[in-house]
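J.: I'm passing along start.txt; it holds compact mmCIF, C-alpha atoms.
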```
# COMPACT_ATOMS: atom_id res chain seq x y z
CA MET A 1 -16.42 6.05 16.78
CA ASN A 2 -15.63 7.21 20.31
CA PRO A 3 -15.39 11.04 20.25
CA LEU A 4 -12.16 10.79 22.24
CA PHE A 5 -10.51 9.33 19.17
CA GLY A 6 -11.65 12.36 17.18
CA LEU A 7 -9.98 14.61 19.74
CA GLY A 8 -6.87 12.48 19.53
CA GLN A 9 -6.81 12.82 15.76
CA ALA A 10 -7.01 16.62 16.03
CA LEU A 11 -4.06 16.55 18.44
CA LEU A 12 -2.01 14.39 16.12
CA LEU A 13 -2.63 16.73 13.19
CA SER A 14 -1.30 19.62 15.29
CA LEU A 15 2.04 17.85 15.81
CA ASP A 16 5.02 17.41 13.54
CA ALA A 17 4.16 14.59 11.12
CA GLU A 18 6.84 12.12 12.23
CA ARG A 19 6.24 12.82 15.91
CA ALA A 20 2.52 12.28 15.41
CA HIS A 21 3.19 9.01 13.63
CA ASP A 22 5.42 7.68 16.38
CA LEU A 23 2.87 8.68 19.02
CA THR A 24 0.19 6.80 17.07
CA LEU A 25 2.32 3.66 17.03
CA LYS A 26 2.95 3.92 20.76
CA THR A 27 -0.77 4.23 21.54
CA LEU A 28 -1.43 1.15 19.42
CA GLU A 29 1.29 -0.73 21.28
CA LEU A 30 -0.40 0.26 24.56
CA GLY A 31 -3.76 -1.04 23.33
CA ILE A 32 -5.37 2.40 23.04
CA TYR A 33 -7.36 2.18 19.83
CA PRO A 34 -10.95 1.52 18.64
CA ARG A 35 -11.76 -2.18 18.13
CA ARG A 36 -13.92 -3.60 15.37
CA SER A 37 -17.51 -3.85 16.59
CA GLY A 38 -17.99 -7.45 15.42
CA PRO A 39 -17.15 -9.93 12.68
CA ASP A 40 -17.08 -8.70 9.12
CA ASP A 41 -20.03 -9.28 6.81
CA PRO A 42 -19.26 -12.62 5.11
CA ARG A 43 -19.90 -11.04 1.71
CA LEU A 44 -16.65 -9.09 2.12
CA ARG A 45 -14.59 -12.27 2.32
CA GLN A 46 -12.32 -13.25 -0.58
CA THR A 47 -9.74 -15.95 -1.22
CA LEU A 48 -6.88 -14.68 -3.36
CA CYS A 49 -3.51 -16.34 -3.98
CA GLY A 50 -4.50 -18.97 -1.44
CA LEU A 51 -5.06 -16.37 1.30
CA ASP A 52 -8.40 -15.86 3.03
CA PHE A 53 -9.08 -12.11 3.39
CA PRO A 54 -11.98 -11.37 5.81
CA ASN A 55 -12.45 -8.00 4.12
CA PRO A 56 -10.63 -6.19 1.30
CA ILE A 57 -9.36 -3.18 3.26
CA GLY A 58 -5.68 -3.18 4.16
CA ILE A 59 -3.24 -0.68 5.56
CA ALA A 60 -0.44 0.23 3.21
CA PRO A 61 3.25 -0.10 4.08
CA GLY A 62 4.87 2.96 5.56
CA PHE A 63 2.51 3.03 8.52
CA ASP A 64 3.97 0.04 10.38
CA LYS A 65 7.48 0.12 8.95
CA ASN A 66 9.01 -2.09 11.62
CA ALA A 67 6.17 -4.57 12.25
CA ARG A 68 5.40 -3.14 15.67
CA VAL A 69 1.58 -3.12 15.66
CA ALA A 70 0.19 -5.60 13.13
CA PRO A 71 -2.12 -7.39 15.64
CA ALA A 72 -3.60 -4.06 16.78
CA LEU A 73 -4.29 -2.97 13.20
CA LEU A 74 -6.09 -6.23 12.46
CA ASP A 75 -8.07 -5.79 15.68
CA MET A 76 -9.14 -2.33 14.47
CA GLY A 77 -10.87 -3.92 11.50
CA PHE A 78 -8.36 -4.09 8.68
CA GLY A 79 -8.62 -7.22 6.56
CA PHE A 80 -4.85 -7.36 6.14
CA VAL A 81 -1.71 -5.46 7.06
CA GLU A 82 1.41 -4.83 4.99
CA VAL A 83 4.49 -3.97 7.06
CA GLY A 84 7.69 -2.30 5.87
CA THR A 85 9.32 -1.24 3.70
CA LEU A 86 12.06 -3.44 5.21
CA THR A 87 15.63 -3.43 3.94
CA PRO A 88 18.24 -6.11 4.71
CA ARG A 89 20.21 -3.75 6.97
CA PRO A 90 18.88 -0.94 9.17
CA GLN A 91 19.06 2.54 7.70
CA ASN A 92 18.11 6.02 8.86
CA GLY A 93 16.65 7.27 5.61
CA ASN A 94 16.91 10.87 4.46
CA PRO A 95 17.48 13.91 6.71
CA ALA A 96 14.51 15.48 8.51
CA PRO A 97 12.23 17.27 7.95
CA ARG A 98 11.03 14.76 5.40
CA VAL A 99 7.24 14.45 5.82
CA PHE A 100 4.86 17.31 4.95
CA ARG A 101 1.05 17.41 5.22
CA SER A 102 -1.69 19.51 3.67
CA ALA A 103 -5.04 19.19 5.43
CA GLU A 104 -6.85 21.20 2.76
CA ASP A 105 -5.58 18.85 0.04
CA HIS A 106 -5.77 15.67 2.15
CA ALA A 107 -2.23 15.06 0.92
CA VAL A 108 1.25 14.18 2.16
CA VAL A 109 4.66 14.51 0.55
CA ASN A 110 7.35 12.30 2.02
CA ARG A 111 11.00 11.72 1.23
CA LEU A 112 11.67 9.26 4.06
CA GLY A 113 13.95 6.95 2.08
CA PHE A 114 13.16 3.50 3.49
CA ASN A 115 14.00 4.39 7.11
CA ASN A 116 13.63 1.18 9.12
CA GLU A 117 15.27 -1.01 11.73
CA GLY A 118 16.14 -3.73 9.23
CA GLN A 119 14.67 -7.12 8.47
CA ALA A 120 16.19 -8.95 11.44
CA ALA A 121 14.34 -6.78 13.98
CA ALA A 122 11.00 -7.17 12.18
CA LEU A 123 11.58 -10.90 11.80
CA GLU A 124 11.76 -11.34 15.56
CA ARG A 125 8.53 -9.40 16.09
CA LEU A 126 6.68 -11.37 13.43
CA ARG A 127 7.72 -14.72 14.86
CA LYS A 128 4.94 -14.24 17.41
CA PRO A 129 1.67 -15.60 15.95
CA VAL A 130 -0.46 -12.89 14.34
CA PRO A 131 -4.22 -13.62 13.91
CA GLY A 132 -4.55 -12.55 10.31
CA ILE A 133 -2.84 -11.74 7.02
CA VAL A 134 0.42 -9.82 7.29
CA GLY A 135 2.32 -9.01 4.11
CA VAL A 136 5.96 -7.92 4.15
CA ASN A 137 7.11 -5.14 1.84
CA LEU A 138 10.74 -5.58 0.74
CA GLY A 139 13.20 -2.90 -0.34
CA ALA A 140 16.90 -2.49 -1.06
CA ASN A 141 19.41 -0.56 0.99
CA LYS A 142 20.38 2.81 -0.47
CA ASP A 143 24.10 1.97 -0.46
CA SER A 144 23.72 -1.65 -1.58
CA PRO A 145 26.21 -2.79 -4.22
CA ASP A 146 23.67 -5.35 -5.48
CA ARG A 147 20.04 -4.35 -5.12
CA VAL A 148 18.73 -7.46 -6.87
CA ALA A 149 20.50 -9.58 -4.24
CA ASP A 150 18.87 -7.45 -1.52
CA TYR A 151 15.42 -8.43 -2.77
CA ALA A 152 16.31 -12.10 -3.15
CA ASP A 153 17.84 -12.18 0.34
CA GLY A 154 14.75 -10.46 1.72
CA VAL A 155 12.54 -13.18 0.28
CA THR A 156 14.69 -15.87 1.88
CA ARG A 157 14.79 -14.12 5.25
CA MET A 158 11.20 -12.90 5.59
CA ALA A 159 9.18 -15.64 3.87
CA PRO A 160 8.77 -17.75 7.03
CA VAL A 161 6.76 -14.97 8.72
CA ALA A 162 5.01 -13.40 5.69
CA SER A 163 1.53 -14.14 4.38
CA TYR A 164 2.74 -12.55 1.14
CA LEU A 165 5.82 -10.62 0.00
CA THR A 166 5.87 -7.35 -1.94
CA VAL A 167 8.76 -6.38 -4.21
CA ASN A 168 8.82 -2.59 -3.85
CA ILE A 169 10.74 -1.10 -6.76
CA SER A 170 8.60 2.01 -7.05
CA SER A 171 9.61 4.35 -4.23
CA PRO A 172 10.85 7.69 -5.57
CA ASN A 173 12.99 8.32 -2.49
CA THR A 174 15.85 5.86 -3.08
CA PRO A 175 17.93 7.13 -6.02
CA GLY A 176 17.83 4.78 -8.98
CA LEU A 177 15.37 2.34 -7.44
CA ARG A 178 12.67 2.94 -10.05
CA ASP A 179 15.17 1.92 -12.74
CA LEU A 180 14.39 -1.66 -11.71
CA GLN A 181 10.96 -1.22 -13.35
CA ALA A 182 12.60 -1.09 -16.80
CA PRO A 183 11.73 -4.32 -18.64
CA GLN A 184 15.17 -5.96 -18.79
CA GLU A 185 16.02 -5.05 -15.19
CA LEU A 186 12.57 -6.12 -14.01
CA ALA A 187 12.86 -9.50 -15.72
CA THR A 188 16.26 -10.12 -14.12
CA LEU A 189 15.02 -9.06 -10.69
CA LEU A 190 11.89 -11.19 -10.76
CA THR A 191 13.82 -14.22 -12.00
CA LYS A 192 16.14 -13.98 -8.99
CA VAL A 193 13.31 -13.32 -6.55
CA VAL A 194 11.22 -16.24 -7.80
CA GLU A 195 14.31 -18.50 -7.68
CA ALA A 196 14.87 -17.49 -4.06
CA ARG A 197 11.27 -18.30 -3.21
CA SER A 198 11.43 -21.65 -5.02
CA ALA A 199 14.48 -22.63 -2.98
CA LEU A 200 12.64 -22.16 0.32
CA PRO A 201 12.27 -25.38 2.31
CA GLY A 202 8.89 -24.42 3.76
CA ALA A 203 5.96 -22.27 2.72
CA GLN A 204 6.35 -20.18 -0.42
CA PRO A 205 4.23 -17.05 0.05
CA PRO A 206 2.77 -15.30 -3.00
CA LEU A 207 4.73 -12.41 -4.50
CA PHE A 208 3.30 -9.02 -5.38
CA VAL A 209 5.06 -6.32 -7.41
CA LYS A 210 4.43 -2.68 -6.52
CA LEU A 211 4.54 -0.21 -9.40
CA ALA A 212 4.93 3.57 -9.59
CA PRO A 213 2.03 5.68 -10.91
CA ASP A 214 4.44 7.64 -13.11
CA LEU A 215 5.12 4.86 -15.62
CA ALA A 216 4.37 5.85 -19.19
CA ASP A 217 1.26 4.30 -20.76
CA ALA A 218 3.36 2.89 -23.58
CA ASP A 219 5.62 1.02 -21.14
CA LEU A 220 2.85 -0.69 -19.21
CA PRO A 221 2.08 -3.61 -21.56
CA GLU A 222 5.63 -4.96 -21.53
CA ILE A 223 6.06 -4.43 -17.79
CA VAL A 224 2.76 -6.11 -16.95
CA GLY A 225 3.57 -8.97 -19.31
CA ILE A 226 6.89 -9.58 -17.57
CA ILE A 227 5.18 -9.66 -14.18
CA GLN A 228 2.50 -12.05 -15.45
CA GLY A 229 5.10 -14.42 -16.82
CA SER A 230 7.37 -14.30 -13.80
CA GLY A 231 5.42 -16.37 -11.31
CA ALA A 232 4.33 -13.34 -9.28
CA GLY A 233 0.85 -13.58 -7.78
CA GLY A 234 -0.38 -10.01 -8.17
CA ILE A 235 0.36 -6.33 -8.75
CA ILE A 236 0.00 -3.35 -6.42
CA VAL A 237 -0.99 -0.07 -8.10
CA SER A 238 0.48 2.25 -7.01
CA ASN A 239 3.17 3.94 -4.95
CA THR A 240 3.49 7.72 -4.46
CA THR A 241 3.90 10.09 -7.41
CA LEU A 242 6.43 12.73 -8.40
CA ALA A 243 3.67 14.70 -10.16
CA ARG A 244 1.99 17.57 -8.36
CA ASP A 245 -1.31 17.86 -10.23
CA GLY A 246 -4.29 18.35 -7.95
CA LEU A 247 -2.39 20.18 -5.24
CA THR A 248 -3.51 23.65 -4.17
CA ASN A 249 -0.86 24.05 -1.46
CA ALA A 250 2.10 25.66 -3.24
CA ALA A 251 4.50 25.02 -0.35
CA LEU A 252 3.72 21.31 -0.40
CA ALA A 253 4.06 21.19 -4.18
CA ALA A 254 7.57 22.61 -3.86
CA GLU A 255 8.77 19.83 -1.55
CA THR A 256 10.67 16.97 -3.15
CA GLY A 257 9.49 13.42 -2.55
CA GLY A 258 6.50 11.22 -3.26
CA LEU A 259 2.98 12.64 -3.11
CA SER A 260 0.20 10.54 -1.56
CA GLY A 261 -3.41 11.22 -0.68
CA ARG A 262 -6.38 12.65 -2.54
CA PRO A 263 -4.43 14.32 -5.41
CA LEU A 264 -3.02 10.88 -6.32
CA PHE A 265 -6.43 9.25 -6.62
CA ALA A 266 -7.24 9.93 -10.29
CA ARG A 267 -3.73 9.13 -11.56
CA SER A 268 -3.40 5.88 -9.60
CA THR A 269 -6.96 4.70 -10.36
CA ARG A 270 -6.51 5.32 -14.08
CA MET A 271 -3.32 3.25 -14.03
CA LEU A 272 -5.03 0.54 -11.99
CA ALA A 273 -7.75 0.23 -14.63
CA ARG A 274 -5.16 0.03 -17.41
CA VAL A 275 -3.30 -2.75 -15.58
CA TYR A 276 -6.61 -4.58 -15.02
CA ARG A 277 -7.36 -4.33 -18.73
CA LEU A 278 -3.88 -5.65 -19.63
CA THR A 279 -4.27 -8.64 -17.31
CA ALA A 280 -7.84 -9.25 -18.49
CA GLY A 281 -8.79 -9.61 -14.84
CA THR A 282 -6.72 -12.78 -14.41
CA MET A 283 -4.32 -11.46 -11.75
CA PRO A 284 -5.31 -10.01 -8.34
CA LEU A 285 -4.63 -6.29 -8.07
CA ILE A 286 -4.33 -4.15 -4.96
CA GLY A 287 -5.47 -0.56 -5.47
CA VAL A 288 -3.67 2.15 -3.50
CA GLY A 289 -3.63 5.92 -3.74
CA GLY A 290 -6.09 8.51 -2.49
CA VAL A 291 -8.51 6.22 -0.69
CA ASP A 292 -10.01 8.62 1.86
CA SER A 293 -13.73 7.88 1.52
CA PRO A 294 -16.07 4.93 0.99
CA GLU A 295 -16.73 6.08 -2.58
CA ALA A 296 -13.00 6.21 -3.35
CA ALA A 297 -12.56 2.63 -2.11
CA LEU A 298 -15.51 1.46 -4.20
CA ALA A 299 -14.07 3.23 -7.24
CA LYS A 300 -10.78 1.33 -6.82
CA ILE A 301 -12.66 -1.96 -6.85
CA GLU A 302 -14.74 -0.96 -9.85
CA ALA A 303 -11.50 0.01 -11.64
CA GLY A 304 -10.09 -3.47 -11.11
CA ALA A 305 -8.81 -3.90 -7.56
CA SER A 306 -9.74 -6.99 -5.58
CA LEU A 307 -8.14 -5.43 -2.49
CA VAL A 308 -7.63 -1.82 -1.43
CA GLN A 309 -5.01 -0.23 0.81
CA LEU A 310 -5.04 3.14 2.54
CA TYR A 311 -2.75 5.17 4.76
CA THR A 312 -2.86 8.92 4.06
CA GLY A 313 -6.66 8.86 4.16
CA LEU A 314 -6.48 7.47 7.68
CA ILE A 315 -4.42 10.50 8.77
CA PHE A 316 -7.15 12.94 7.83
CA GLU A 317 -10.30 10.83 8.28
CA GLY A 318 -9.41 8.77 11.35
CA PRO A 319 -10.05 5.08 12.08
CA GLY A 320 -13.80 5.39 11.54
CA LEU A 321 -13.03 5.35 7.82
CA ILE A 322 -12.44 1.59 7.94
CA GLY A 323 -15.98 0.75 9.01
CA ARG A 324 -17.53 3.31 6.66
CA ILE A 325 -15.79 1.74 3.69
CA LYS A 326 -16.91 -1.76 4.61
CA ARG A 327 -20.52 -0.64 5.02
CA ARG A 328 -20.47 1.07 1.62
CA LEU A 329 -19.09 -2.05 -0.06
CA VAL A 330 -21.82 -4.19 1.48
CA GLN A 331 -24.37 -1.65 0.25
CA ALA A 332 -22.86 -1.74 -3.25
CA MET A 333 -23.11 -5.53 -3.33
CA ALA A 334 -26.74 -5.37 -2.22
CA GLU A 335 -27.49 -2.82 -4.96
CA ALA A 336 -25.89 -5.16 -7.51
CA ASN A 337 -27.72 -8.24 -6.15
CA ALA A 338 -24.27 -9.76 -5.52
CA ASN A 339 -23.18 -12.05 -2.70
CA THR A 340 -19.47 -11.36 -3.24
CA LEU A 341 -17.30 -8.49 -4.42
CA THR A 342 -16.38 -10.33 -7.61
CA PRO A 343 -19.11 -8.81 -9.83
CA LEU A 344 -17.99 -5.33 -8.75
CA VAL A 345 -14.30 -5.85 -9.53
CA GLY A 346 -13.41 -4.10 -12.78
CA ARG A 347 -16.96 -3.25 -13.83
CA ARG A 348 -15.89 0.34 -14.63
CA ALA A 349 -12.32 -0.42 -15.69
CA GLU A 350 -12.86 0.63 -19.29
CA GLU A 351 -14.29 3.95 -18.19
CA TRP A 352 -11.34 4.64 -15.90
CA ALA A 353 -8.75 3.42 -18.41
CA ARG A 354 -9.96 5.89 -21.03
CA LYS A 355 -9.59 8.91 -18.76
CA PRO A 356 -6.79 11.33 -19.67
CA LEU A 357 -3.96 11.95 -17.26
CA PRO A 358 -4.68 14.76 -14.79
CA GLU A 359 -3.83 18.26 -16.00
CA ASN A 360 -0.41 19.73 -15.24
CA ALA A 361 1.04 16.22 -15.02
CA GLU A 362 4.79 16.01 -14.99
```
Could you show the structure in this file as C-alpha cells?

T.:
Amino acid sequence: MNPLFGLGQALLLSLDAERAHDLTLKTLELGIYPRRSGPDDPRLRQTLCGLDFPNPIGIAPGFDKNARVAPALLDMGFGFVEVGTLTPRPQNGNPAPRVFRSAEDHAVVNRLGFNNEGQAAALERLRKPVPGIVGVNLGANKDSPDRVADYADGVTRMAPVASYLTVNISSPNTPGLRDLQAPQELATLLTKVVEARSALPGAQPPLFVKLAPDLADADLPEIVGIIQGSGAGGIIVSNTTLARDGLTNAALAAETGGLSGRPLFARSTRMLARVYRLTAGTMPLIGVGGVDSPEAALAKIEAGASLVQLYTGLIFEGPGLIGRIKRRLVQAMAEANANTLTPLVGRRAEEWARKPLPENAE
C-alpha cells in the first residue's frame, strides 16, 4: 500500500469519527484511493444465489449509507458492496455525538439511528451502471406507523437497482426494531416482503435477513427455520451488539449504542457457526463482526460463512487489509489442496458452535 494512505489513515483517526467518515467518502468520490493491483485469483470466485462474486470480501452497510461510492469500493478490491441502511423517507438519525472509537480495542460504538438521505436519492445514484455486485440494505423509518410496509415498499422501490436486498431488523438504534425478529413478527414481515418481491415485473433479487448477535441460543432454531421457509436466499450474521464484553475502554463501554469491531468477533462468530449448523450448510451465510485481520476473515469462513463483510476493521487497519485477507484465503485453499473456498466453509463450525458466550455478557 502507498505510504501516503497510511498517513491519511492516521489523520482520519485524529478527527471526530463522523467528520473522518465524511472526508473518506469525499476522497473516494474524488478518485483518491488505492486501486486493486490486478484481477482476483479465480479460486476466490463463488456463485451464490445466482450472483457471481469475484471474491468473498464485502464492505458492510453503514460505510456507504447513501450509495455515493460503490464503484470506487469495488475498484479498491472488494468483491461486493452493501449500501445503506436506506429508509423510505430521509431521516437525520439520533443527536450527535453518536459515534465513538477505541483504537486500543479496535472497536466502535455507534447510535446513529439509520441516518440517511432516503431511498429515492440512493435510487437515482444506483441507476448508473455499477461494474459489480451492489446489495441494498433496507430499514424502516423511526416514526413509521407501519414498519412492515416500510420494508415491503423498500423492496418494490430498490429492487430494480439491487443485486440483492437485505432486510435489516437487527439494529439496536431504532427503538423496537429488533422486536421484528420475534418468530410471529418475523414470519409476518417476511411474508409481506416476499410477496412484494414476487409482484415485481422485472428481476427479483435474492433476499438476505440480517440478525442481531444478542439473540438467545434457544430462540435461534425457530427464527432460522422461519427464514429458511420464507423464500429468503441467505442470512447475515450479525449486526452490532449491546453487550460490552471484551472492551477495556471504560468510557466506550458506558456509551449507549451498538458495539462493532474486535470485541464482537467471538460472539458473532459463535452465532454464525450455530446458524450454519441449523441450516446444515444449505443456505449462504455472510459473516460480519470483528473482521480486522486475515485470520479473522478465515475464521468466519471456517465457522460457516461463504462471504465476509468488514467495516470497523477497515477504520483501524486501512485499505491494505482487503488484499491481505484475499492472499490468506488463497494460501488456506492451497494448504487444503482446494481449488475453491467451498471445502473451507464450515469446516470448524462445530468447534465454534460449542464455545461459551464471552464472559461478562449482557

J.: List the spatial neighbours of Asp105 of chain A as a PyMOL selection string - criterion: any atom at most 10 Å away, only C-alpha atoms, same-chain residues fewer than 6 positions off excluded.

T.: chain A and resi 246-249+252+261-263+316

J.: Give me, as number ranges by chain, all polymer residues having an atom no more than 10 Å from segment 21-27 of chain A, counting only C-alpha atoms and skipping those fewer than 4 positions away in the same chain.

T.: A: 8-9, 12-13, 15-17, 31-33, 63-64, 68-69, 72, 315

J.: Which residues are close to segment 79-87 of chain A, i.e. within 6 Å by all atoms listed in the file, leaving aside same-chain residues fewer than 6 positions away? Reply as a list in words.

T.: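 Surrounding residues, per the criterion: Phe53, Pro54, Asn55, Pro56, Ile57, Gly58, Ile59, Ala60, Pro61, Gly62, Asp64, Lys65, Asn66, Ala67, Gly118, Gln119, Ile133, Val134, Gly135, Val136, Asn137, Leu138, Gly139, Ala140 and Asn141 of chain A.
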
J.: For those residues, write C-alpha atoms to a file as a tab-separated table (two decimals), in the frame of the given file.

T.:
```tsv
chain	number	residue	atom	x	y	z
A	53	PHE	CA	-9.08	-12.11	3.39
A	54	PRO	CA	-11.98	-11.37	5.81
A	55	ASN	CA	-12.45	-8.00	4.12
A	56	PRO	CA	-10.63	-6.19	1.30
A	57	ILE	CA	-9.36	-3.18	3.26
A	58	GLY	CA	-5.68	-3.18	4.16
A	59	ILE	CA	-3.24	-0.68	5.56
A	60	ALA	CA	-0.44	0.23	3.21
A	61	PRO	CA	3.25	-0.10	4.08
A	62	GLY	CA	4.87	2.96	5.56
A	64	ASP	CA	3.97	0.04	10.38
A	65	LYS	CA	7.48	0.12	8.95
A	66	ASN	CA	9.01	-2.09	11.62
A	67	ALA	CA	6.17	-4.57	12.25
A	118	GLY	CA	16.14	-3.73	9.23
A	119	GLN	CA	14.67	-7.12	8.47
A	133	ILE	CA	-2.84	-11.74	7.02
A	134	VAL	CA	0.42	-9.82	7.29
A	135	GLY	CA	2.32	-9.01	4.11
A	136	VAL	CA	5.96	-7.92	4.15
A	137	ASN	CA	7.11	-5.14	1.84
A	138	LEU	CA	10.74	-5.58	0.74
A	139	GLY	CA	13.20	-2.90	-0.34
A	140	ALA	CA	16.90	-2.49	-1.06
A	141	ASN	CA	19.41	-0.56	0.99
```

J.: Between A:Ala349, A:Leu259, A:Leu264, A:Met333, which has the minimum distance to Ala299 of chain A (counting only C-alpha atoms)?

T.: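 The answer is A:Ala349, which sits nearest to Ala299 of chain A.
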
J.: Would you mind listing what lies within 10 Å of Leu357 of chain A as a PDB file with C-alpha atoms, keeping the file's coordinate frame, with all atoms listed in the file counted and same-chain residues fewer than 5 positions away left out?

T.:
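As written to disk, around.pdb reads:
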```pdb
ATOM      1  CA  ASP A 217       1.260   4.300 -20.760  1.00  0.00           C
ATOM      2  CA  ASP A 245      -1.310  17.860 -10.230  1.00  0.00           C
ATOM      3  CA  ALA A 266      -7.240   9.930 -10.290  1.00  0.00           C
ATOM      4  CA  ARG A 267      -3.730   9.130 -11.560  1.00  0.00           C
ATOM      5  CA  SER A 268      -3.400   5.880  -9.600  1.00  0.00           C
ATOM      6  CA  ARG A 270      -6.510   5.320 -14.080  1.00  0.00           C
ATOM      7  CA  MET A 271      -3.320   3.250 -14.030  1.00  0.00           C
ATOM      8  CA  GLU A 362       4.790  16.010 -14.990  1.00  0.00           C
TER       9      GLU A 362
END
```
